[in-house]
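Below is target_28.csv, holding CSV, C-alpha atoms.
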chain,number,residue,atom,x,y,z
A,1360,MET,CA,4.6,53.1,-47.7
A,1361,GLN,CA,6.6,50.1,-48.9
A,1362,GLN,CA,5.9,46.8,-47.1
A,1363,GLY,CA,8.5,44.2,-46.2
A,1364,ILE,CA,8.1,40.4,-46.5
A,1365,SER,CA,6.5,40.2,-43.1
A,1366,GLY,CA,4.0,42.9,-44.0
A,1367,LYS,CA,3.1,41.2,-47.2
A,1368,ILE,CA,2.5,37.9,-45.5
A,1369,ALA,CA,0.4,39.5,-42.8
A,1370,GLY,CA,-1.6,41.3,-45.5
A,1371,PHE,CA,-2.2,38.1,-47.4
A,1372,PHE,CA,-3.7,36.4,-44.3
A,1373,ILE,CA,-5.7,39.4,-43.3
A,1374,ASN,CA,-7.4,39.6,-46.7
A,1375,SER,CA,-7.7,35.9,-47.3
A,1376,LYS,CA,-10.9,34.0,-46.7
A,1377,LEU,CA,-8.9,30.9,-45.8
A,1378,THR,CA,-7.5,32.4,-42.6
A,1379,ILE,CA,-10.5,31.5,-40.4
A,1380,LEU,CA,-10.5,27.9,-41.8
A,1381,LEU,CA,-6.8,27.6,-41.1
A,1382,MET,CA,-7.3,28.9,-37.5
A,1383,VAL,CA,-10.2,26.5,-36.8
A,1384,GLY,CA,-8.2,23.6,-38.3
A,1385,LEU,CA,-5.1,24.3,-36.2
A,1386,MET,CA,-7.2,24.6,-33.0
A,1387,VAL,CA,-8.8,21.2,-33.7
A,1388,ILE,CA,-5.4,19.6,-34.4
A,1389,GLY,CA,-4.0,21.1,-31.2
A,1390,VAL,CA,-6.9,19.9,-29.0
A,1391,TYR,CA,-6.7,16.4,-30.5
A,1392,SER,CA,-3.0,16.2,-30.0
A,1393,SER,CA,-3.3,17.2,-26.4
A,1394,THR,CA,-5.5,14.3,-25.7
A,1395,LEU,CA,-3.0,11.8,-27.2
A,1396,ILE,CA,0.1,13.0,-25.2
A,1397,PRO,CA,0.3,11.5,-21.7
A,1398,ARG,CA,0.8,14.2,-19.2
A,1399,GLU,CA,3.4,12.4,-17.1
A,1400,GLU,CA,5.5,12.1,-20.3
A,1401,GLU,CA,5.8,15.8,-20.9
A,1402,PRO,CA,8.4,16.5,-19.7
A,1403,GLN,CA,9.9,13.1,-18.9
A,1404,ILE,CA,11.2,13.2,-15.3
A,1405,ILE,CA,13.3,10.3,-13.9
A,1406,VAL,CA,13.9,10.5,-10.2
A,1407,PRO,CA,14.9,7.2,-8.5
A,1408,MET,CA,13.5,6.9,-5.0
A,1409,ALA,CA,13.3,4.1,-2.5
A,1410,ASP,CA,12.0,3.3,1.0
A,1411,VAL,CA,14.3,1.3,3.4
A,1412,LEU,CA,12.5,-0.5,6.2
A,1413,ILE,CA,14.6,-1.9,9.1
A,1414,GLY,CA,13.2,-3.8,12.1
A,1415,TYR,CA,14.8,-3.7,15.5
A,1416,PRO,CA,12.4,-5.5,17.9
A,1417,GLY,CA,12.3,-4.3,21.5
A,1418,ALA,CA,14.3,-1.1,20.8
A,1419,GLY,CA,12.9,2.4,21.6
A,1420,PRO,CA,13.0,5.3,19.1
A,1421,GLN,CA,16.2,6.8,20.6
A,1422,GLU,CA,18.0,3.5,20.5
A,1423,VAL,CA,16.8,2.9,16.9
A,1424,GLU,CA,18.1,6.4,15.9
A,1425,ASN,CA,21.5,6.1,17.5
A,1426,ARG,CA,22.3,2.5,16.6
A,1427,VAL,CA,20.6,2.0,13.3
A,1428,VAL,CA,19.4,5.2,11.6
A,1429,LYS,CA,22.5,7.4,12.0
A,1430,PRO,CA,25.0,4.8,10.8
A,1431,LEU,CA,22.7,4.0,7.9
A,1432,GLU,CA,22.3,7.7,7.0
A,1433,LYS,CA,26.1,8.0,6.7
A,1434,ILE,CA,26.4,4.9,4.5
A,1435,ILE,CA,23.5,5.9,2.2
A,1436,SER,CA,24.6,9.5,1.9
A,1437,ASN,CA,28.0,8.3,0.6
A,1438,ILE,CA,26.4,6.5,-2.3
A,1439,ARG,CA,27.1,8.3,-5.6
A,1440,GLY,CA,24.0,10.0,-6.9
A,1441,VAL,CA,22.1,10.3,-3.7
A,1442,GLU,CA,20.6,13.7,-3.2
A,1443,HIS,CA,18.4,13.5,0.0
A,1444,VAL,CA,18.0,11.1,2.9
A,1445,HIS,CA,15.0,11.4,5.2
A,1446,SER,CA,14.5,9.1,8.2
A,1447,MET,CA,12.0,8.3,10.9
A,1448,SER,CA,12.7,6.3,14.1
A,1449,MET,CA,9.9,4.5,15.8
A,1450,ASN,CA,9.4,1.8,18.4
A,1451,GLY,CA,11.1,-1.3,17.1
A,1452,ARG,CA,11.7,-0.1,13.5
A,1453,ALA,CA,13.2,2.6,11.3
A,1454,PHE,CA,12.0,4.1,8.0
A,1455,ILE,CA,14.4,5.8,5.6
A,1456,ILE,CA,13.5,7.5,2.3
A,1457,VAL,CA,16.3,7.8,-0.2
A,1458,GLN,CA,16.0,10.2,-3.2
A,1459,PHE,CA,18.6,10.3,-6.0
A,1460,PHE,CA,19.4,13.2,-8.3
A,1461,VAL,CA,17.1,13.8,-11.3
A,1462,GLY,CA,18.3,11.8,-14.3
A,1463,GLN,CA,20.1,9.0,-12.5
A,1464,ASP,CA,19.7,5.6,-14.0
A,1465,VAL,CA,16.9,3.9,-12.1
A,1466,GLU,CA,18.1,0.3,-12.1
A,1467,ARG,CA,21.7,1.2,-11.3
A,1468,SER,CA,20.6,3.4,-8.4
A,1469,TYR,CA,18.6,0.6,-6.8
A,1470,VAL,CA,21.4,-1.9,-7.3
A,1471,LYS,CA,23.9,0.5,-5.7
A,1472,LEU,CA,21.6,1.1,-2.7
A,1473,TYR,CA,20.9,-2.6,-2.2
A,1474,ASP,CA,24.6,-3.6,-2.5
A,1475,GLU,CA,25.7,-0.9,-0.1
A,1476,LEU,CA,23.2,-2.1,2.5
A,1477,MET,CA,24.1,-5.7,2.2
A,1478,LYS,CA,27.9,-4.9,2.3
A,1479,ASN,CA,27.5,-3.1,5.6
A,1480,ARG,CA,25.2,-5.6,7.4
A,1481,ASN,CA,28.0,-6.4,9.9
A,1482,LEU,CA,27.6,-2.9,11.3
A,1483,PHE,CA,24.2,-3.5,12.6
A,1484,PRO,CA,23.8,-4.4,16.3
A,1485,PRO,CA,22.5,-7.9,17.2
A,1486,GLY,CA,18.8,-8.2,16.8
A,1487,VAL,CA,18.4,-5.9,13.8
A,1488,MET,CA,16.5,-7.5,11.0
A,1489,GLU,CA,17.6,-7.4,7.4
A,1490,PRO,CA,16.7,-4.2,5.6
A,1491,VAL,CA,13.8,-4.3,3.1
A,1492,VAL,CA,14.1,-2.0,0.1
A,1493,LYS,CA,10.9,-0.9,-1.5
A,1494,THR,CA,11.2,1.1,-4.8
A,1495,ARG,CA,9.2,4.2,-5.6
A,1496,ALA,CA,8.5,6.2,-8.7
A,1497,ILE,CA,7.7,9.8,-9.5
A,1498,ASP,CA,4.3,8.7,-10.8
A,1499,ASP,CA,3.3,7.0,-7.5
A,1500,VAL,CA,0.7,9.7,-6.8
A,1501,PRO,CA,-3.0,9.3,-7.0
A,1502,MET,CA,-4.5,10.7,-10.2
A,1503,LEU,CA,-8.1,10.5,-8.9
A,1504,GLY,CA,-9.7,10.8,-5.5
A,1505,LEU,CA,-13.2,9.7,-4.7
A,1506,THR,CA,-14.8,10.9,-1.5
A,1507,LEU,CA,-18.0,9.1,-0.3
A,1508,TRP,CA,-20.3,10.6,2.4
A,1509,SER,CA,-23.9,10.1,3.4
A,1510,ASP,CA,-26.6,11.3,5.7
A,1511,HIS,CA,-27.8,7.7,6.3
A,1512,TYR,CA,-24.7,5.6,6.7
A,1513,ASP,CA,-21.9,5.8,9.3
A,1514,ASP,CA,-18.2,5.5,8.5
A,1515,TYR,CA,-18.3,1.7,9.0
A,1516,GLN,CA,-20.9,1.2,6.3
A,1517,LEU,CA,-19.3,3.8,4.1
A,1518,ARG,CA,-16.0,1.8,4.3
A,1519,GLN,CA,-17.8,-1.4,3.1
A,1520,ILE,CA,-19.3,0.5,0.2
A,1521,THR,CA,-16.0,2.0,-0.7
A,1522,GLU,CA,-14.3,-1.4,-0.6
A,1523,GLU,CA,-16.9,-2.7,-3.1
A,1524,LEU,CA,-16.3,0.4,-5.3
A,1525,SER,CA,-12.6,-0.1,-5.2
A,1526,SER,CA,-13.0,-3.7,-6.4
A,1527,GLU,CA,-14.8,-2.4,-9.4
A,1528,VAL,CA,-12.4,0.5,-10.0
A,1529,LYS,CA,-9.5,-2.0,-10.1
A,1530,LYS,CA,-11.1,-3.7,-13.1
A,1531,ILE,CA,-10.7,-0.6,-15.2
A,1532,ARG,CA,-7.8,-0.7,-17.6
A,1533,ASP,CA,-4.6,1.2,-16.6
A,1534,VAL,CA,-5.6,1.4,-12.9
A,1535,SER,CA,-2.7,0.0,-11.0
A,1536,LEU,CA,-3.9,0.1,-7.4
A,1537,THR,CA,-6.4,1.8,-5.1
A,1538,ARG,CA,-6.0,2.9,-1.4
A,1539,ILE,CA,-8.8,3.5,1.0
A,1540,ILE,CA,-8.5,6.2,3.7
A,1541,GLY,CA,-10.9,6.6,6.6
A,1542,GLY,CA,-13.8,4.6,7.9
A,1543,ARG,CA,-13.6,1.6,10.2
A,1544,PRO,CA,-12.9,-1.7,8.4
A,1545,ARG,CA,-14.6,-5.0,9.4
A,1546,GLN,CA,-12.8,-6.9,12.1
A,1547,LEU,CA,-13.3,-10.0,14.3
A,1548,LYS,CA,-12.5,-9.1,17.9
A,1549,ILE,CA,-11.6,-11.9,20.3
A,1550,ILE,CA,-12.0,-10.7,23.9
A,1551,LEU,CA,-10.4,-13.3,26.2
A,1552,ASP,CA,-11.8,-13.9,29.7
A,1553,LYS,CA,-8.9,-14.8,32.0
A,1554,ASP,CA,-11.1,-16.5,34.6
A,1555,ARG,CA,-12.7,-18.8,32.1
A,1556,MET,CA,-9.2,-19.4,30.6
A,1557,SER,CA,-7.9,-20.4,34.0
A,1558,GLU,CA,-10.8,-22.9,34.5
A,1559,SER,CA,-10.2,-24.5,31.2
A,1560,ASN,CA,-6.4,-24.7,31.6
A,1561,VAL,CA,-5.6,-22.6,28.4
A,1562,ASP,CA,-3.4,-19.6,27.9
A,1563,ALA,CA,-3.4,-16.6,25.5
A,1564,LEU,CA,-0.3,-17.8,23.6
A,1565,GLY,CA,-1.8,-21.2,23.0
A,1566,ILE,CA,-5.0,-19.7,21.7
A,1567,ILE,CA,-3.1,-17.5,19.3
A,1568,GLN,CA,-1.1,-20.4,18.0
A,1569,MET,CA,-4.3,-22.6,17.5
A,1570,ILE,CA,-6.0,-19.8,15.6
A,1571,GLN,CA,-3.0,-19.3,13.3
A,1572,ALA,CA,-2.7,-23.0,12.7
A,1573,SER,CA,-6.4,-23.4,12.0
A,1574,ASN,CA,-6.6,-20.5,9.6
A,1575,GLY,CA,-4.7,-22.0,6.6
A,1576,SER,CA,-4.7,-24.5,3.8
A,1577,THR,CA,-1.8,-26.6,2.7
A,1578,GLN,CA,-0.9,-29.2,0.0
A,1579,SER,CA,-0.5,-32.5,1.9
A,1580,GLY,CA,0.6,-34.8,-0.9
A,1581,SER,CA,-1.0,-36.7,-3.7
A,1582,PHE,CA,-2.0,-40.2,-4.9
A,1583,SER,CA,-2.5,-41.9,-8.2
A,1584,SER,CA,-5.5,-43.9,-9.3
A,1585,ASN,CA,-6.4,-45.1,-12.8
A,1586,ASP,CA,-3.6,-43.2,-14.4
A,1587,ARG,CA,-4.8,-40.0,-12.7
A,1588,GLU,CA,-3.1,-38.0,-10.0
A,1589,PHE,CA,-5.1,-36.5,-7.2
A,1590,LEU,CA,-3.7,-33.6,-5.0
A,1591,LEU,CA,-4.6,-33.6,-1.3
A,1592,THR,CA,-5.4,-30.3,0.5
A,1593,THR,CA,-5.8,-30.2,4.2
A,1594,GLY,CA,-7.2,-27.4,6.4
A,1595,GLN,CA,-9.4,-24.4,5.6
A,1596,PHE,CA,-9.5,-20.7,6.2
A,1597,LEU,CA,-11.7,-19.2,8.9
A,1598,SER,CA,-14.5,-17.5,7.0
A,1599,SER,CA,-17.0,-16.4,9.7
A,1600,ALA,CA,-17.4,-15.5,13.3
A,1601,ASP,CA,-19.1,-18.9,13.9
A,1602,ASP,CA,-16.0,-20.7,12.6
A,1603,VAL,CA,-13.9,-18.8,15.1
A,1604,LYS,CA,-16.3,-19.4,18.0
A,1605,ASN,CA,-16.4,-23.2,17.3
A,1606,LEU,CA,-12.6,-23.5,17.1
A,1607,VAL,CA,-11.1,-26.2,19.4
A,1608,ILE,CA,-8.3,-24.5,21.3
A,1609,GLY,CA,-7.4,-27.3,23.8
A,1610,THR,CA,-8.8,-30.0,26.1
A,1611,SER,CA,-9.8,-30.0,29.7
A,1612,HIS,CA,-10.8,-33.1,31.7
A,1613,ASN,CA,-10.8,-35.1,28.4
A,1614,MET,CA,-13.3,-32.7,26.9
A,1615,PRO,CA,-12.6,-30.3,24.0
A,1616,VAL,CA,-12.4,-26.6,24.9
A,1617,TYR,CA,-14.0,-24.3,22.3
A,1618,LEU,CA,-13.0,-20.7,21.9
A,1619,ARG,CA,-16.5,-19.5,22.7
A,1620,GLN,CA,-16.1,-21.0,26.1
A,1621,VAL,CA,-13.2,-18.7,27.1
A,1622,ALA,CA,-13.7,-15.6,24.9
A,1623,ASN,CA,-16.3,-13.4,23.4
A,1624,VAL,CA,-16.1,-13.1,19.6
A,1625,GLU,CA,-17.5,-9.9,18.1
A,1626,ASP,CA,-17.9,-9.3,14.3
A,1627,GLY,CA,-18.0,-5.6,13.7
A,1628,PRO,CA,-16.1,-2.4,13.1
A,1629,SER,CA,-12.5,-2.1,14.2
A,1630,SER,CA,-11.0,0.8,16.2
A,1631,PRO,CA,-10.5,3.9,14.0
A,1632,ALA,CA,-7.0,4.3,12.6
A,1633,ASP,CA,-7.6,7.5,10.7
A,1634,TYR,CA,-10.3,10.1,10.2
A,1635,VAL,CA,-11.5,11.7,7.0
A,1636,SER,CA,-14.2,14.4,7.0
A,1637,PHE,CA,-15.5,17.5,5.2
A,1638,GLY,CA,-14.8,20.9,6.5
A,1639,TYR,CA,-18.1,20.9,8.4
A,1640,GLY,CA,-17.5,17.6,10.1
A,1641,LYS,CA,-19.4,15.1,8.0
A,1642,GLU,CA,-17.7,11.6,8.1
A,1643,THR,CA,-16.4,10.4,4.8
A,1644,VAL,CA,-14.3,7.6,3.3
A,1645,LYS,CA,-11.8,8.4,0.5
A,1646,SER,CA,-10.5,6.1,-2.3
A,1647,ARG,CA,-7.3,7.1,-3.9
A,1648,ASN,CA,-6.7,5.6,-7.4
A,1649,PHE,CA,-3.3,5.2,-9.1
A,1650,ARG,CA,-2.7,4.6,-12.8
A,1651,SER,CA,-0.2,2.1,-14.2
A,1652,GLU,CA,2.5,3.1,-16.6

Would it be possible to restate this file's structure as structure tokens?
Amino acid sequence: MQQGISGKIAGFFINSKLTILLMVGLMVIGVYSSTLIPREEEPQIIVPMADVLIGYPGAGPQEVENRVVKPLEKIISNIRGVEHVHSMSMNGRAFIIVQFFVGQDVERSYVKLYDELMKNRNLFPPGVMEPVVKTRAIDDVPMLGLTLWSDHYDDYQLRQITEELSSEVKKIRDVSLTRIIGGRPRQLKIILDKDRMSESNVDALGIIQMIQASNGSTQSGSFSSNDREFLLTTGQFLSSADDVKNLVIGTSHNMPVYLRQVANVEDGPSSPADYVSFGYGKETVKSRNFRSE
């Protein structure tokens, strides 16, 4: 039986002692190459996306939808290159997700979206705040999730451990950001007593303003001495529960009124905002880690 070119080549490799070496060498090269190629680059996908946030204080979800969301949806849908528009209406605000077609130029897409929003600002009813555009990318998904659980610690303690872990993870090269889900974060609670407030002639709004004014540091100027310039900084941040308790919030009968006199200050876990658990109910805290490009 006469063999063709393919048969001769196959026969050569079947009978050659170099075939196994070639196979092993090609496998090693393939494995090594796969470790060098970033997964998000194969294939390269360009999908411009953006979040549009609009505030409308005092409006309900129905009013936000009718007066803000629906007109904006029509405006955004008419932008060339837009594929999908998703929206959510909430109390006092609206959230719109804009997705362009695959392959659209990223910078041009964002510029067109921003220009269209600014061009139609006069269509918003009075009281609507200026839209905020937050860009997104196809790679904005976590590449690693760490779930912490324990038989000895509750969700509040697990949250504190996870925050320390996230601080260390952020130091790793190519880690862009981390997000923590679950657990109760630490919070200073100020529980006002209306009877004691009335006796001391202070009100809730005044207390809030005093706390905000006291929790800050500003540059107040500078002066020169001996050919050297010194910068003056006034104020300081509240760093502990004692700082908050000893905060002067007003005067009564020519005497200072401290926050501890009209309120109880508690340093502890906040109210739960979300829950994370295993299938059998064990409380956990999860850290989602994103890589940078």

Among listed residues A:Tyr1634, A:Phe1483, A:Tyr1515, A:Tyr1469, nearest A:Lys1429 (using only C-alpha atoms): A:Phe1483

task: Identify which of the residues A:Arg1495, A:Val1603, A:Gly1541, A:Glu1588 lies closest to A:Trp1508, counting all atoms listed in the file when measuring atom-to-atom distances.
output: A:Gly1541

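Near stretch 1614-1628 of chain A, within 6 Å and counting only C-alpha atoms, sit Arg1543, Pro1544, Arg1545, Gln1546, Leu1547, Lys1548, Ile1549, Ile1550, Leu1551, Asp1552, Arg1555, Met1556, Lys1604, Asn1605, Leu1606, Val1607 and Ile1608 of chain A, not including residues fewer than 6 positions from it in the same chain.
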
- request: Just give me the residues with any atom within 12 Å of (-8.5, -2.2, -9.5), file coordinates, counting only C-alpha atoms, written as a VMD selection string.
  value: chain A and resid 1522 to 1539 1646 to 1651

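Interatomic distance, atom CA of A:Ala1453 against atom CA of A:Leu1412: 6.0 Å.
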
task: Extract, using all atoms listed in the file, all DNA, RNA and protein residues at most 8 Å from A:Thr1643, discarding same-chain residues fewer than 5 positions from it, and format them as a ChimeraX atom specification.
output: /A:1506-1509,1514,1517,1541-1542,1635-1637

field: Separation of atom CA of A:Leu1395 from atom CA of A:Ile1379, in Å and rounded to one decimal
entry: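 These two atoms are separated by 24.9 Å.
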
task: Pick out the closest residue to A:Ala1632 from this set: A:Ser1446, A:Ile1540, A:Gln1568, A:Gly1363. Count all atoms listed in the file.
output: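 Result for the nearest residue to A:Ala1632: A:Ile1540.
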
- request: Calculate how many Å separate atom CA of A:Glu1442 from atom CA of A:Ala1418, rounding to one decimal.
  value: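 Value for the atom CA of A:Glu1442-atom CA of A:Ala1418 distance: 28.9 Å.
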
task: Would you please work out which residue, of A:Met1386, A:His1612, A:Ser1573, A:Met1477, is nearest to A:Ser1559 when using all atoms listed in the file?
output: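 Smallest distance to A:Ser1559 is found for A:His1612.
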
- prompt: Counting all atoms listed in the file, what is within 9 Å of A:Met1447, bar same-chain residues fewer than 6 positions away, as a list in words?
  reply: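 What passes the distance filter is Pro1420, Glu1424, Val1428, Ala1453, Phe1454, Ile1455 and Ile1456 of chain A.
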
Once you have the residues from the selection above, write them out as an mmCIF file, keeping the file's coordinate frame, restricted to C-alpha atoms.
data_model
loop_
_atom_site.group_PDB
_atom_site.id
_atom_site.type_symbol
_atom_site.label_atom_id
_atom_site.label_comp_id
_atom_site.auth_asym_id
_atom_site.auth_seq_id
_atom_site.Cartn_x
_atom_site.Cartn_y
_atom_site.Cartn_z
ATOM 1 C CA PRO A 1420 13.000 5.300 19.100
ATOM 2 C CA GLU A 1424 18.100 6.400 15.900
ATOM 3 C CA VAL A 1428 19.400 5.200 11.600
ATOM 4 C CA ALA A 1453 13.200 2.600 11.300
ATOM 5 C CA PHE A 1454 12.000 4.100 8.000
ATOM 6 C CA ILE A 1455 14.400 5.800 5.600
ATOM 7 C CA ILE A 1456 13.500 7.500 2.300
#

Can you patch up stretch 1586-1617 of chain A, filling it in to N, CA and C atoms, and show the result as a PDB file, in the coordinates of the input?
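Wrote result_27.pdb, looks like this:
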ATOM      1  N   ASP A1586      -4.424 -44.072 -13.614  1.00  0.00           N
ATOM      2  CA  ASP A1586      -3.600 -43.200 -14.400  1.00  0.00           C
ATOM      3  C   ASP A1586      -3.972 -41.695 -14.219  1.00  0.00           C
ATOM      4  N   ARG A1587      -4.497 -41.374 -13.081  1.00  0.00           N
ATOM      5  CA  ARG A1587      -4.800 -40.000 -12.700  1.00  0.00           C
ATOM      6  C   ARG A1587      -4.196 -39.655 -11.385  1.00  0.00           C
ATOM      7  N   GLU A1588      -3.718 -38.434 -11.239  1.00  0.00           N
ATOM      8  CA  GLU A1588      -3.100 -38.000 -10.000  1.00  0.00           C
ATOM      9  C   GLU A1588      -4.036 -37.046  -9.263  1.00  0.00           C
ATOM     10  N   PHE A1589      -4.233 -37.281  -7.983  1.00  0.00           N
ATOM     11  CA  PHE A1589      -5.100 -36.500  -7.200  1.00  0.00           C
ATOM     12  C   PHE A1589      -4.268 -35.748  -6.091  1.00  0.00           C
ATOM     13  N   LEU A1590      -4.456 -34.444  -5.980  1.00  0.00           N
ATOM     14  CA  LEU A1590      -3.700 -33.600  -5.000  1.00  0.00           C
ATOM     15  C   LEU A1590      -4.584 -33.543  -3.721  1.00  0.00           C
ATOM     16  N   LEU A1591      -3.942 -33.702  -2.570  1.00  0.00           N
ATOM     17  CA  LEU A1591      -4.600 -33.600  -1.300  1.00  0.00           C
ATOM     18  C   LEU A1591      -4.379 -32.276  -0.638  1.00  0.00           C
ATOM     19  N   THR A1592      -5.461 -31.630  -0.234  1.00  0.00           N
ATOM     20  CA  THR A1592      -5.400 -30.300   0.500  1.00  0.00           C
ATOM     21  C   THR A1592      -6.032 -30.485   1.822  1.00  0.00           C
ATOM     22  N   THR A1593      -5.317 -30.081   2.867  1.00  0.00           N
ATOM     23  CA  THR A1593      -5.800 -30.200   4.200  1.00  0.00           C
ATOM     24  C   THR A1593      -5.986 -28.781   4.820  1.00  0.00           C
ATOM     25  N   GLY A1594      -6.962 -28.651   5.717  1.00  0.00           N
ATOM     26  CA  GLY A1594      -7.200 -27.400   6.400  1.00  0.00           C
ATOM     27  C   GLY A1594      -8.072 -26.462   5.575  1.00  0.00           C
ATOM     28  N   GLN A1595      -8.545 -25.423   6.227  1.00  0.00           N
ATOM     29  CA  GLN A1595      -9.400 -24.400   5.600  1.00  0.00           C
ATOM     30  C   GLN A1595      -9.222 -23.100   6.298  1.00  0.00           C
ATOM     31  N   PHE A1596      -9.581 -22.025   5.622  1.00  0.00           N
ATOM     32  CA  PHE A1596      -9.500 -20.700   6.200  1.00  0.00           C
ATOM     33  C   PHE A1596     -10.760 -20.419   7.039  1.00  0.00           C
ATOM     34  N   LEU A1597     -10.593 -19.679   8.107  1.00  0.00           N
ATOM     35  CA  LEU A1597     -11.700 -19.200   8.900  1.00  0.00           C
ATOM     36  C   LEU A1597     -12.470 -18.157   8.153  1.00  0.00           C
ATOM     37  N   SER A1598     -13.746 -18.367   7.886  1.00  0.00           N
ATOM     38  CA  SER A1598     -14.500 -17.500   7.000  1.00  0.00           C
ATOM     39  C   SER A1598     -15.606 -16.697   7.725  1.00  0.00           C
ATOM     40  N   SER A1599     -15.919 -17.032   8.965  1.00  0.00           N
ATOM     41  CA  SER A1599     -17.000 -16.400   9.700  1.00  0.00           C
ATOM     42  C   SER A1599     -16.749 -16.356  11.160  1.00  0.00           C
ATOM     43  N   ALA A1600     -17.564 -15.580  11.872  1.00  0.00           N
ATOM     44  CA  ALA A1600     -17.400 -15.500  13.300  1.00  0.00           C
ATOM     45  C   ALA A1600     -17.776 -16.867  13.963  1.00  0.00           C
ATOM     46  N   ASP A1601     -18.722 -17.600  13.379  1.00  0.00           N
ATOM     47  CA  ASP A1601     -19.100 -18.900  13.900  1.00  0.00           C
ATOM     48  C   ASP A1601     -17.921 -19.899  13.804  1.00  0.00           C
ATOM     49  N   ASP A1602     -17.164 -19.816  12.697  1.00  0.00           N
ATOM     50  CA  ASP A1602     -16.000 -20.700  12.600  1.00  0.00           C
ATOM     51  C   ASP A1602     -14.993 -20.426  13.680  1.00  0.00           C
ATOM     52  N   VAL A1603     -14.823 -19.153  14.026  1.00  0.00           N
ATOM     53  CA  VAL A1603     -13.900 -18.800  15.100  1.00  0.00           C
ATOM     54  C   VAL A1603     -14.411 -19.264  16.446  1.00  0.00           C
ATOM     55  N   LYS A1604     -15.693 -19.053  16.682  1.00  0.00           N
ATOM     56  CA  LYS A1604     -16.300 -19.400  18.000  1.00  0.00           C
ATOM     57  C   LYS A1604     -16.180 -20.950  18.209  1.00  0.00           C
ATOM     58  N   ASN A1605     -16.360 -21.741  17.156  1.00  0.00           N
ATOM     59  CA  ASN A1605     -16.400 -23.200  17.300  1.00  0.00           C
ATOM     60  C   ASN A1605     -14.992 -23.829  17.145  1.00  0.00           C
ATOM     61  N   LEU A1606     -13.963 -23.017  17.199  1.00  0.00           N
ATOM     62  CA  LEU A1606     -12.600 -23.500  17.100  1.00  0.00           C
ATOM     63  C   LEU A1606     -12.170 -24.207  18.364  1.00  0.00           C
ATOM     64  N   VAL A1607     -11.641 -25.417  18.237  1.00  0.00           N
ATOM     65  CA  VAL A1607     -11.100 -26.200  19.400  1.00  0.00           C
ATOM     66  C   VAL A1607      -9.734 -25.658  19.713  1.00  0.00           C
ATOM     67  N   ILE A1608      -9.549 -25.138  20.921  1.00  0.00           N
ATOM     68  CA  ILE A1608      -8.300 -24.500  21.300  1.00  0.00           C
ATOM     69  C   ILE A1608      -7.515 -25.383  22.327  1.00  0.00           C
ATOM     70  N   GLY A1609      -8.095 -26.483  22.782  1.00  0.00           N
ATOM     71  CA  GLY A1609      -7.400 -27.300  23.800  1.00  0.00           C
ATOM     72  C   GLY A1609      -8.382 -28.353  24.347  1.00  0.00           C
ATOM     73  N   THR A1610      -7.924 -29.021  25.378  1.00  0.00           N
ATOM     74  CA  THR A1610      -8.800 -30.000  26.100  1.00  0.00           C
ATOM     75  C   THR A1610      -8.670 -29.778  27.576  1.00  0.00           C
ATOM     76  N   SER A1611      -9.760 -30.104  28.247  1.00  0.00           N
ATOM     77  CA  SER A1611      -9.800 -30.000  29.700  1.00  0.00           C
ATOM     78  C   SER A1611     -10.686 -31.124  30.233  1.00  0.00           C
ATOM     79  N   HIS A1612     -10.118 -31.959  31.111  1.00  0.00           N
ATOM     80  CA  HIS A1612     -10.800 -33.100  31.700  1.00  0.00           C
ATOM     81  C   HIS A1612     -11.353 -34.024  30.549  1.00  0.00           C
ATOM     82  N   ASN A1613     -10.485 -34.245  29.565  1.00  0.00           N
ATOM     83  CA  ASN A1613     -10.800 -35.100  28.400  1.00  0.00           C
ATOM     84  C   ASN A1613     -11.966 -34.605  27.592  1.00  0.00           C
ATOM     85  N   MET A1614     -12.226 -33.316  27.660  1.00  0.00           N
ATOM     86  CA  MET A1614     -13.300 -32.700  26.900  1.00  0.00           C
ATOM     87  C   MET A1614     -12.699 -31.549  26.054  1.00  0.00           C
ATOM     88  N   PRO A1615     -13.173 -31.379  24.803  1.00  0.00           N
ATOM     89  CA  PRO A1615     -12.600 -30.300  24.000  1.00  0.00           C
ATOM     90  C   PRO A1615     -13.065 -28.918  24.562  1.00  0.00           C
ATOM     91  N   VAL A1616     -12.167 -27.961  24.435  1.00  0.00           N
ATOM     92  CA  VAL A1616     -12.400 -26.600  24.900  1.00  0.00           C
ATOM     93  C   VAL A1616     -12.593 -25.727  23.607  1.00  0.00           C
ATOM     94  N   TYR A1617     -13.758 -25.127  23.455  1.00  0.00           N
ATOM     95  CA  TYR A1617     -14.000 -24.300  22.300  1.00  0.00           C
ATOM     96  C   TYR A1617     -13.688 -22.816  22.665  1.00  0.00           C
TER      97      TYR A1617
END
